[in-house]
Every structure is written in C-alpha cells, then in structure tokens.
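K.L.:
To start, I am sharing the structure in question, which I have written as structure tokens.
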Amino acid sequence: MSDDAKNLPALSDETPPSTPPAGLIANPRNDITIPLYSKVLRPQDETLLQRGGGKGIALYREVLKDGRAYTVLQKRKRKLVAREWIIEPASQARVDRKAAKVCEDQLRALNLDAVTLGLQDATLMGFSIGEVEWARDGAAIAARRVVNHDQRRFLFGPDGEPRLLTWDALAEGIELPQRKFIVHRFEELSSDPYGWGLGRILFWHVLFKREGVAFWMKALERFATPIPVGKYPIGSMPQQQQALLDALSGAIVSGAIIAPAGTDIAFAQAAVSGTLTHEDWCRYWDEQTAETVLGQTLSTNIGQTGSKAAADTHQKTEDELIDGDSDLVGATLRNTLLDWICAYNVPDGAPPIIKWKRPTNVKEAEEAAGLAADRRAKDLANIQQMKTMGWAPGEEQEQVAEIMGYEVVACEPTPLPQAPQTPQANQDNFNQQTAFAEARDDVAADAQTLEDAGQPVLDGWVGKVRAAIDDLLSTGGQLSDLPARMLQLYPGLGTKKLAKLIGDATANAELRGRADVNDEAGK
C-alpha cells in the first residue's frame, strides 16, 4: 500500500468519515505522465517539446510577430481592460466591508489596468507571473506596484509553486517567498502548472501562413514578372554569348535566358491558368487565428456582405469569452493579491470579489424585459383561466410571487375606472351612432351617383381606345406601336365633363359636411 493510501482515514458504509481526506492523492509527484527527475517539472506542451528546442516557451513570442495574431490577442486583452471593474465585499459583515474598501483603494492607486494586461499574457503563453513590490503606507502595508516578468525565468516544482532561475541555479531554480509572486494560468491543469495557452495552436497557424507567403512570393516572381530572352546569331563566340547573358542578368532578379537564333531581344511571359490560391491559403490561417482567439471572424473579416443577426451572434460569443477571462483573472487576484492585502491590513476580513462589468446592451435589455413581461402576463392569464374553470393553484400567493419576481399580498380587486353612463348619455351615444350610420349611407349614395354619372364618359374613352387598337391591327401595325398611338389619342379623349362631375361631387360633399356641423351645433 502506498504512503498516500495509508494516510487516508478508513471509510465504511455505516459510519460517515469524521474528517474528509486532505490534499490530492493524484498529484504531480505520482503522475506517471510527467517525467520527474529533479525538484522541478517540465512543460508537457507537445508543441514546445517538438519545436521549442533551445528557445523553450519563448517560441510563442514569435507568434506576436504575425500582424493578425498580435491584433486579435490585443483585442481580447484590451476589451477586458476597457470594462469597468468593481469590488464587492465577501459578505455584509463590517470587517468584510472594511477589507473591500482597503483593497479597492490600493487597486486604484496600483493601476489595475496595467496589472490585468500583464496577467493576460497567459492567454498566449499558458502562464504569467507578476511580482508584488510591497511598501509601508503609514500604518498599512500597500502593494506599490506589480512587475510582470518573462516566463523564461521561472520553473515550477511538484507543488506547483514557481522557482526563479538564477546564474547560480540554472537547472532547478531557487525557492521564492510567500505573498510575493502572482501566478495566473490559462486553462489550468493539475498535472501541468505551466498552463495551456493558445500559443500551442497559434504557433502552427503562423508557421503555415509564413510558408504560404514564401510560396506566394515565388509565384509572383515566376508568373508576374517577364523574363528577358537574348537571341544571339548562330556562330557567335562563347565570349559574346556570355557577355549578352551578363548584360541581361542584371535586368531582372528572376534571371535571363539566351537562345541561338537572331540577335534581337524579347521578354517571355509565363502563362498560368486559373487563380493562384496562395492568398486564399494565407487568409484561411488568418481566419483560423481570429476564430481561435475571439471565437468568431466577423470583427476581423467582414467579407462582401454583412448580416446584423450574424454580427449580434458573433458579438455575444466574443463577450462570453471576455466574461470567462474576467472570471479567471478575478479569481487569480482574489486568491493572491487581494488575499495578501487583507492578510497584512485586515487579518480578520475575507478577501473581496473583483469583477469586470459587461457593458449593458440597452436594446437587448429592453427586448428581454418585454419578453419577461409578456411571459408574466400569460402566466397570470393562465391562473385566471383556471379559476374560471373551478380550479386554483394550491399556493396561489407563492405562485403569483414567483411569476412577478417579488413578494405580493392579497387584496380586494380594483375595477378599472369607467365613465358614468346616465340615461341621457346612453341616448346621446345611440343618436351619435345612428347619425354616423346615416352619414355613411349618404356618402355611399353620393359615390354611387358620381359613378353612374361618370360611366358614359368612361365608356366613351374605352370605345376610342378599342377603335384605335382595331385600326392599328387592321393596318398591319404591331402592339409595340400602341404606346405611341395612345399618346396621339390622349388629347382627344376629353376630360372636361368628368372633371366637372368630380368638382360637383366634391362641392356637394363639402356642403353636406357643413350642414352636419351646423345641425350638431343647433344652428
């Protein structure tokens, strides 16, 4: 039996354990996947093991030389820094609120944005380390600054604690004091204290893209630049041929060709069919890089067309990634810097919680509030419908409180206010409705009168149009000639009679309206 197993308390089905097992049984010291030959652990990142060589983790710094990789990584880091950060006490106890106030004051004096940017180097490298420089501030001990260090200077022991490499300890490093070094890890794994950064993925993206760029340059040199061809007369001496070749070789970097023909010079252009795909190859890896870092590509490659729905979805995905970074950085600061500040200045207080607030999307919030209101209205209507059928919830008050989201109390129903209805008011309403119906009948009658009076005019127009079409067809014309014939016919249609009828109808309607107003006014 191993020593770890011997230290475990005996368990049985009948008796619960008095104390839970402490620490980890499956720990780096007995991890069969980690070669442990000294006091330190080595990174388990396969990319570093295969390609790192003497560079080690500095290999991932080369990723930042690619413009697209640098841009998307900076965007992810700075979107978190651009958010407003807040400090919340661990509880409402007086000592915890005091601890939160002390931590907030020190963070504001410390320039938390710079600290956050440094810690987020772990996104690419796997881990980042910042050293806290403490100083006396009256009766308090304050973090004066946090210095971000190069990852190449540190190793990790089996306990996961960092060790500093020095000239005197280049193999295993030296132990470091407590409450001094902040270690932030991206995708922390219990078996690898070096973290699991995006560099292990982005390195290959950048490598393949660079290879594509190299081939692209060769293709441009081969197919986009003409090659000078010198033609020397048959029988020319080798010295003359070489002189011609030397003269043309300096004309273009792609070289020159000589051939035994005349003495003229021409330019040979290489032919290529189809489209070269090197640009597509490079763009593909750019998109893969953006998707790996930001979870989407729309903010970096919008393409020829855009979609608001797609933009909203991609923005939501990106915000969720930043929320995750916020939680990780906040947890690291709470477990290290904030915990240390409290230990030095408010020993009895619990370290506060730090958060970075996501900017409020006003439209999204209003839509969510509207949907929630509709849902509440439907739930209340369902309860009312149940009661009309003779059923009611067992705990109606609790059900309504859950639907509304706040406490409710029973009260007498309050009817909606209504205007008083007297017999005279009812009679007036009836008279108004009757008068409106009669007026509507009068308008319909006037419209029918106008239609009947104007029908002969319209019939005359239709007859003339039909006669023009018959004449056009009988004379061998085409229907395509009809528009021109209609333009000739239009002046002779005559609109005066119809215009007079419409004018009389308009005047009649105006007079009828005035009469109705006078009748209502009692004049």
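The way I read the labels, and the way they are meant: chains A, B, ... in the order of the structure tokens, residue 1 as the first residue of every chain, and ligand 1 as the first ligand shown, with later ones counted on from there.
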List as a ChimeraX atom specification the protein and nucleic acid residues near Gly503 in chain A, meaning an atom at most 12 Å away when only C-alpha atoms are counted, but skip any in the same chain fewer than 6 places from it.

P.N.:
/A:450,454,496-497,509-510

K.L.:
Limited to N, CA and C atoms, could you put the picked residues into a file as a PDB file, in the first residue's frame?

P.N.:
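Output contents, as saved in result26.pdb:
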```pdb
ATOM      1  N   LEU A 450     -71.982  59.592 -58.371  1.00  0.00           N
ATOM      2  CA  LEU A 450     -70.852  60.040 -59.180  1.00  0.00           C
ATOM      3  C   LEU A 450     -70.425  58.953 -60.159  1.00  0.00           C
ATOM      4  N   GLY A 454     -70.556  59.411 -64.245  1.00  0.00           N
ATOM      5  CA  GLY A 454     -69.304  59.406 -64.996  1.00  0.00           C
ATOM      6  C   GLY A 454     -69.125  58.198 -65.882  1.00  0.00           C
ATOM      7  N   LYS A 496     -63.087  67.369 -69.664  1.00  0.00           N
ATOM      8  CA  LYS A 496     -63.806  68.469 -69.013  1.00  0.00           C
ATOM      9  C   LYS A 496     -65.084  67.989 -68.337  1.00  0.00           C
ATOM     10  N   LYS A 497     -65.839  67.107 -69.000  1.00  0.00           N
ATOM     11  CA  LYS A 497     -67.117  66.671 -68.438  1.00  0.00           C
ATOM     12  C   LYS A 497     -66.896  65.879 -67.143  1.00  0.00           C
ATOM     13  N   ALA A 509     -70.093  67.222 -51.248  1.00  0.00           N
ATOM     14  CA  ALA A 509     -69.611  66.617 -50.004  1.00  0.00           C
ATOM     15  C   ALA A 509     -69.243  67.679 -48.979  1.00  0.00           C
ATOM     16  N   GLU A 510     -68.620  68.784 -49.438  1.00  0.00           N
ATOM     17  CA  GLU A 510     -68.262  69.860 -48.517  1.00  0.00           C
ATOM     18  C   GLU A 510     -69.509  70.504 -47.919  1.00  0.00           C
TER      19      GLU A 510
END
```

K.L.:
When DSSP works through the backbone of this structure, what residues of range 67-147 of chain A end up as strand (DSSP E or B), shown as a compact mmCIF listing (two decimals) with N, CA and C atoms, in the first residue's frame?

P.N.:
```
# COMPACT_ATOMS: atom_id res chain seq x y z
N GLU A 84 -15.43 48.38 -16.96
CA GLU A 84 -15.36 48.96 -15.61
C GLU A 84 -15.27 47.83 -14.58
N TRP A 85 -14.33 47.93 -13.65
CA TRP A 85 -14.19 46.91 -12.63
C TRP A 85 -14.80 47.39 -11.31
N ILE A 86 -15.32 46.46 -10.56
CA ILE A 86 -15.95 46.77 -9.29
C ILE A 86 -15.46 45.78 -8.24
N ILE A 87 -15.50 46.21 -6.99
CA ILE A 87 -15.13 45.38 -5.84
C ILE A 87 -16.38 45.14 -5.01
N GLU A 88 -16.66 43.88 -4.71
CA GLU A 88 -17.79 43.52 -3.86
C GLU A 88 -17.26 42.81 -2.62
N PHE A 127 0.97 30.73 -18.92
CA PHE A 127 1.01 31.29 -17.57
C PHE A 127 1.72 32.63 -17.62
N SER A 128 1.49 33.44 -16.61
CA SER A 128 2.17 34.72 -16.47
C SER A 128 2.49 34.91 -14.99
N ILE A 129 3.54 35.67 -14.71
CA ILE A 129 3.99 35.88 -13.34
C ILE A 129 4.24 37.37 -13.12
N GLY A 130 3.65 37.90 -12.07
CA GLY A 130 3.88 39.28 -11.67
C GLY A 130 4.39 39.33 -10.24
N GLU A 131 5.40 40.12 -10.02
CA GLU A 131 5.99 40.24 -8.68
C GLU A 131 5.45 41.49 -8.00
N VAL A 132 4.98 41.33 -6.75
CA VAL A 132 4.41 42.43 -6.00
C VAL A 132 5.53 43.11 -5.21
N GLU A 133 5.61 44.42 -5.35
CA GLU A 133 6.56 45.20 -4.57
C GLU A 133 5.78 45.89 -3.45
N TRP A 134 6.02 45.45 -2.21
CA TRP A 134 5.30 45.98 -1.05
C TRP A 134 6.02 47.20 -0.49
N ALA A 135 5.25 48.08 0.14
CA ALA A 135 5.81 49.28 0.74
C ALA A 135 4.94 49.70 1.91
N ARG A 136 5.53 50.38 2.88
CA ARG A 136 4.79 50.92 4.01
C ARG A 136 4.05 52.19 3.58
N ASP A 137 2.78 52.27 4.01
CA ASP A 137 1.98 53.47 3.75
C ASP A 137 1.32 53.86 5.07
N ALA A 140 -0.34 51.06 7.22
CA ALA A 140 -0.75 49.98 6.31
C ALA A 140 0.44 49.49 5.50
N ILE A 141 0.28 48.27 4.99
CA ILE A 141 1.24 47.70 4.03
C ILE A 141 0.54 47.66 2.68
N ALA A 142 1.08 48.36 1.70
CA ALA A 142 0.41 48.52 0.41
C ALA A 142 1.26 47.93 -0.70
N ALA A 143 0.56 47.42 -1.73
CA ALA A 143 1.22 46.95 -2.95
C ALA A 143 1.54 48.18 -3.81
N ARG A 144 2.82 48.54 -3.85
CA ARG A 144 3.20 49.76 -4.56
C ARG A 144 3.14 49.57 -6.07
N ARG A 145 3.54 48.39 -6.56
CA ARG A 145 3.44 48.08 -7.98
C ARG A 145 3.57 46.58 -8.17
N VAL A 146 3.16 46.12 -9.37
CA VAL A 146 3.29 44.72 -9.76
C VAL A 146 4.08 44.69 -11.06
N VAL A 147 5.23 44.01 -11.03
CA VAL A 147 6.12 43.95 -12.19
C VAL A 147 5.91 42.62 -12.90
```

K.L.:
Between A:Ser91, A:Gly52, A:Val63, A:Pro228, which residue has the minimum interatomic distance to Arg210 in chain A, considering only C-alpha atoms?

P.N.:
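Among A:Ser91, A:Gly52, A:Val63, A:Pro228, it is A:Val63 that comes nearest to Arg210 in chain A.
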
K.L.:
Could you check the closest approach to Leu294 in chain A for each of A:Trp281, A:Phe186, A:Val229, A:Lys316 and tell me which residue wins, using only C-alpha atoms?

P.N.:
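So, comparing all the options, the nearest one is A:Lys316.
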
K.L.:
Please give the complete set of residues from range 102-234 of chain A that DSSP, run on the backbone, assigns to alpha helix (DSSP H), formatted as a VMD selection string.

P.N.:
chain A and resid 102 to 110 112 to 119 122 to 125 199 to 223

K.L.:
If you count only C-alpha atoms, which residues fall within 12 Å of Ala171 in chain A, apart from same-chain ones fewer than 6 positions away, as number ranges by chain?

P.N.:
A: 37-42, 153-157, 163-165

K.L.:
Please produce a file of the residues just selected, as a compact mmCIF listing (two decimals), in the first residue's frame, where the atoms kept are C-alpha atoms.

P.N.:
```
# COMPACT_ATOMS: atom_id res chain seq x y z
CA TYR A 37 13.96 13.69 -12.46
CA SER A 38 14.62 16.71 -10.23
CA LYS A 39 12.93 19.25 -7.99
CA VAL A 40 11.13 20.88 -10.92
CA LEU A 41 8.53 19.90 -13.51
CA ARG A 42 8.94 20.39 -17.23
CA ARG A 153 12.97 32.97 -15.85
CA PHE A 154 10.73 30.54 -13.96
CA LEU A 155 10.17 26.84 -13.44
CA PHE A 156 7.59 25.08 -11.30
CA GLY A 157 8.12 22.50 -8.59
CA ARG A 163 11.02 28.73 -8.77
CA LEU A 164 13.29 31.50 -10.07
CA LEU A 165 16.19 30.60 -12.35
```

K.L.:
In Å to one decimal, how far is CA of Thr332 in chain A from CA of Asp159 in chain A?

P.N.:
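These atoms are spaced 17.2 Å apart.
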
K.L.:
Hey, what's within 10 Å of Leu337 in chain A if we count only C-alpha atoms and toss same-chain stuff fewer than 4 positions away? As JSON, numbers by chain, please?

P.N.:
{"A": [103, 107, 132, 143, 146, 179, 180, 181, 182, 332, 333, 341, 342, 343, 351]}

K.L.:
Would you save the residues from that selection as a tab-separated table (two decimals), in the first residue's frame, using N, CA and C atoms?

P.N.:
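Produced file again-v4.tsv, reproduced below:
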```tsv
chain	number	residue	atom	x	y	z
A	103	CYS	N	-8.89	47.12	-0.10
A	103	CYS	CA	-8.43	46.54	-1.37
A	103	CYS	C	-8.74	47.47	-2.54
A	107	LEU	N	-5.99	49.07	-5.11
A	107	LEU	CA	-6.04	48.75	-6.54
A	107	LEU	C	-6.11	50.01	-7.39
A	132	VAL	N	4.98	41.33	-6.75
A	132	VAL	CA	4.41	42.43	-6.00
A	132	VAL	C	5.53	43.11	-5.21
A	143	ALA	N	0.56	47.42	-1.73
A	143	ALA	CA	1.22	46.95	-2.95
A	143	ALA	C	1.54	48.18	-3.81
A	146	VAL	N	3.16	46.12	-9.37
A	146	VAL	CA	3.29	44.72	-9.76
A	146	VAL	C	4.08	44.69	-11.06
A	179	ARG	N	3.55	35.21	-0.65
A	179	ARG	CA	2.90	36.52	-0.80
A	179	ARG	C	3.78	37.50	-1.57
A	180	LYS	N	4.39	37.00	-2.63
A	180	LYS	CA	5.29	37.84	-3.41
A	180	LYS	C	5.03	37.74	-4.91
A	181	PHE	N	4.78	36.55	-5.42
A	181	PHE	CA	4.65	36.35	-6.86
A	181	PHE	C	3.23	35.89	-7.19
A	182	ILE	N	2.58	36.63	-8.10
A	182	ILE	CA	1.24	36.28	-8.59
A	182	ILE	C	1.40	35.40	-9.82
A	332	THR	N	-7.82	34.75	-9.81
A	332	THR	CA	-6.39	34.80	-9.50
A	332	THR	C	-6.08	35.95	-8.56
A	333	LEU	N	-6.61	37.13	-8.83
A	333	LEU	CA	-6.34	38.28	-7.97
A	333	LEU	C	-6.92	38.10	-6.57
A	341	ILE	N	-3.32	41.45	0.64
A	341	ILE	CA	-3.61	42.79	1.18
A	341	ILE	C	-4.44	42.66	2.46
A	342	CYS	N	-5.43	41.78	2.44
A	342	CYS	CA	-6.26	41.59	3.63
A	342	CYS	C	-5.44	40.99	4.77
A	343	ALA	N	-4.57	40.03	4.45
A	343	ALA	CA	-3.77	39.39	5.50
A	343	ALA	C	-2.85	40.40	6.19
A	351	PRO	N	-11.11	38.13	1.72
A	351	PRO	CA	-10.80	38.91	0.50
A	351	PRO	C	-12.06	39.18	-0.31
```

K.L.:
I'd like the contact shell of Val400 in chain A - 12 Å cut-off, only C-alpha atoms, skipping same-chain residues fewer than 5 positions apart - returned as a CSV table (one decimal) with C-alpha atoms, in the first residue's frame.

P.N.:
```
chain,number,residue,atom,x,y,z
A,376,ARG,CA,-45.7,37.1,-16.7
A,377,ALA,CA,-48.9,38.3,-18.3
A,378,LYS,CA,-49.5,34.9,-19.9
A,379,ASP,CA,-48.8,33.1,-16.7
A,380,LEU,CA,-51.3,35.3,-14.8
A,381,ALA,CA,-53.9,34.8,-17.5
A,382,ASN,CA,-53.5,31.1,-17.2
A,383,ILE,CA,-54.2,31.2,-13.5
A,384,GLN,CA,-57.3,33.4,-14.1
A,392,ALA,CA,-56.9,27.3,-8.4
A,393,PRO,CA,-53.2,26.8,-7.5
A,394,GLY,CA,-52.6,25.2,-4.1
A,395,GLU,CA,-50.3,28.1,-3.0
A,405,GLY,CA,-40.4,38.1,-9.1
A,406,TYR,CA,-41.3,39.9,-5.9
A,407,GLU,CA,-43.5,39.5,-2.8
A,408,VAL,CA,-47.2,40.0,-3.2
A,409,VAL,CA,-50.1,40.3,-0.8
A,410,ALA,CA,-53.8,39.5,-1.3
```

K.L.:
When you draw a straight line from CA of Glu287 in chain A to CA of Lys218 in chain A, how long is it in Å?

P.N.:
23.3 Å

K.L.:
Considering only C-alpha atoms, return as JSON, numbers by chain whatever protein or nucleic-acid residues lie within 7 Å of Gly126 in chain A, sequence-local ones (same chain, fewer than 4 positions apart) excluded.

P.N.:
{"A": [122, 185, 186, 194, 195, 196, 197]}

K.L.:
Those residues you just picked out, can you put them in a file as a PDB file, in the first residue's frame with C-alpha atoms?

P.N.:
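Writing done, so here's part04.pdb:
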```pdb
ATOM      1  CA  ALA A 122      -1.117  33.776 -20.002  1.00  0.00           C
ATOM      2  CA  ARG A 185      -2.694  30.391 -15.633  1.00  0.00           C
ATOM      3  CA  PHE A 186      -4.846  29.964 -18.723  1.00  0.00           C
ATOM      4  CA  TYR A 194       2.736  25.785 -16.882  1.00  0.00           C
ATOM      5  CA  GLY A 195      -0.846  26.207 -18.103  1.00  0.00           C
ATOM      6  CA  TRP A 196      -2.261  25.500 -21.525  1.00  0.00           C
ATOM      7  CA  GLY A 197      -2.083  28.679 -23.606  1.00  0.00           C
TER       8      GLY A 197
END
```

K.L.:
Please determine, counting only C-alpha atoms, which residue among A:Leu482, A:Leu170, A:Leu124, A:Ala82 has the shortest atom-to-atom distance to Ala467 in chain A.

P.N.:
A:Leu482

K.L.:
What is the distance between CA of Asp339 in chain A and CA of Lys101 in chain A, in Å to one decimal?

P.N.:
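Distance between the two atoms: 13.2 Å.
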
K.L.:
Quick one: everything within 9 Å of Ala58 in chain A, counting only C-alpha atoms, minus sequence neighbours fewer than 2 positions away in the same chain. Send it as a list in words.

P.N.:
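Skipping anything fewer than 2 positions along the chain leaves Gly52, Lys55, Gly56, Tyr60, Arg61, Glu62, Met125, Asp150, Gln151 and Arg152 of chain A.
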
K.L.:
Any chance you could export the current selection's N, CA and C atoms as a PDB file, in the first residue's frame?

P.N.:
```pdb
ATOM      1  N   GLY A  52      10.192  23.650 -29.652  1.00  0.00           N
ATOM      2  CA  GLY A  52      10.796  24.667 -28.787  1.00  0.00           C
ATOM      3  C   GLY A  52      12.304  24.699 -28.865  1.00  0.00           C
ATOM      4  N   LYS A  55      14.810  27.495 -27.473  1.00  0.00           N
ATOM      5  CA  LYS A  55      14.013  28.679 -27.188  1.00  0.00           C
ATOM      6  C   LYS A  55      13.059  28.467 -26.027  1.00  0.00           C
ATOM      7  N   GLY A  56      12.558  27.261 -25.871  1.00  0.00           N
ATOM      8  CA  GLY A  56      11.591  26.993 -24.815  1.00  0.00           C
ATOM      9  C   GLY A  56      10.306  27.753 -25.051  1.00  0.00           C
ATOM     10  N   TYR A  60       6.716  31.010 -28.297  1.00  0.00           N
ATOM     11  CA  TYR A  60       5.399  31.604 -28.500  1.00  0.00           C
ATOM     12  C   TYR A  60       5.468  33.120 -28.672  1.00  0.00           C
ATOM     13  N   ARG A  61       6.569  33.738 -28.260  1.00  0.00           N
ATOM     14  CA  ARG A  61       6.720  35.169 -28.504  1.00  0.00           C
ATOM     15  C   ARG A  61       6.789  35.467 -29.994  1.00  0.00           C
ATOM     16  N   GLU A  62       7.260  34.505 -30.769  1.00  0.00           N
ATOM     17  CA  GLU A  62       7.351  34.709 -32.215  1.00  0.00           C
ATOM     18  C   GLU A  62       5.975  34.806 -32.863  1.00  0.00           C
ATOM     19  N   MET A 125       0.800  32.476 -23.580  1.00  0.00           N
ATOM     20  CA  MET A 125       1.957  31.734 -23.082  1.00  0.00           C
ATOM     21  C   MET A 125       1.586  30.556 -22.182  1.00  0.00           C
ATOM     22  N   ASP A 150       9.364  37.910 -17.392  1.00  0.00           N
ATOM     23  CA  ASP A 150       9.467  36.984 -18.517  1.00  0.00           C
ATOM     24  C   ASP A 150       9.306  35.550 -18.013  1.00  0.00           C
ATOM     25  N   GLN A 151       8.477  34.776 -18.720  1.00  0.00           N
ATOM     26  CA  GLN A 151       8.205  33.409 -18.290  1.00  0.00           C
ATOM     27  C   GLN A 151       9.438  32.526 -18.339  1.00  0.00           C
ATOM     28  N   ARG A 152      10.429  32.869 -19.160  1.00  0.00           N
ATOM     29  CA  ARG A 152      11.621  32.039 -19.287  1.00  0.00           C
ATOM     30  C   ARG A 152      12.438  31.995 -18.000  1.00  0.00           C
TER      31      ARG A 152
END
```
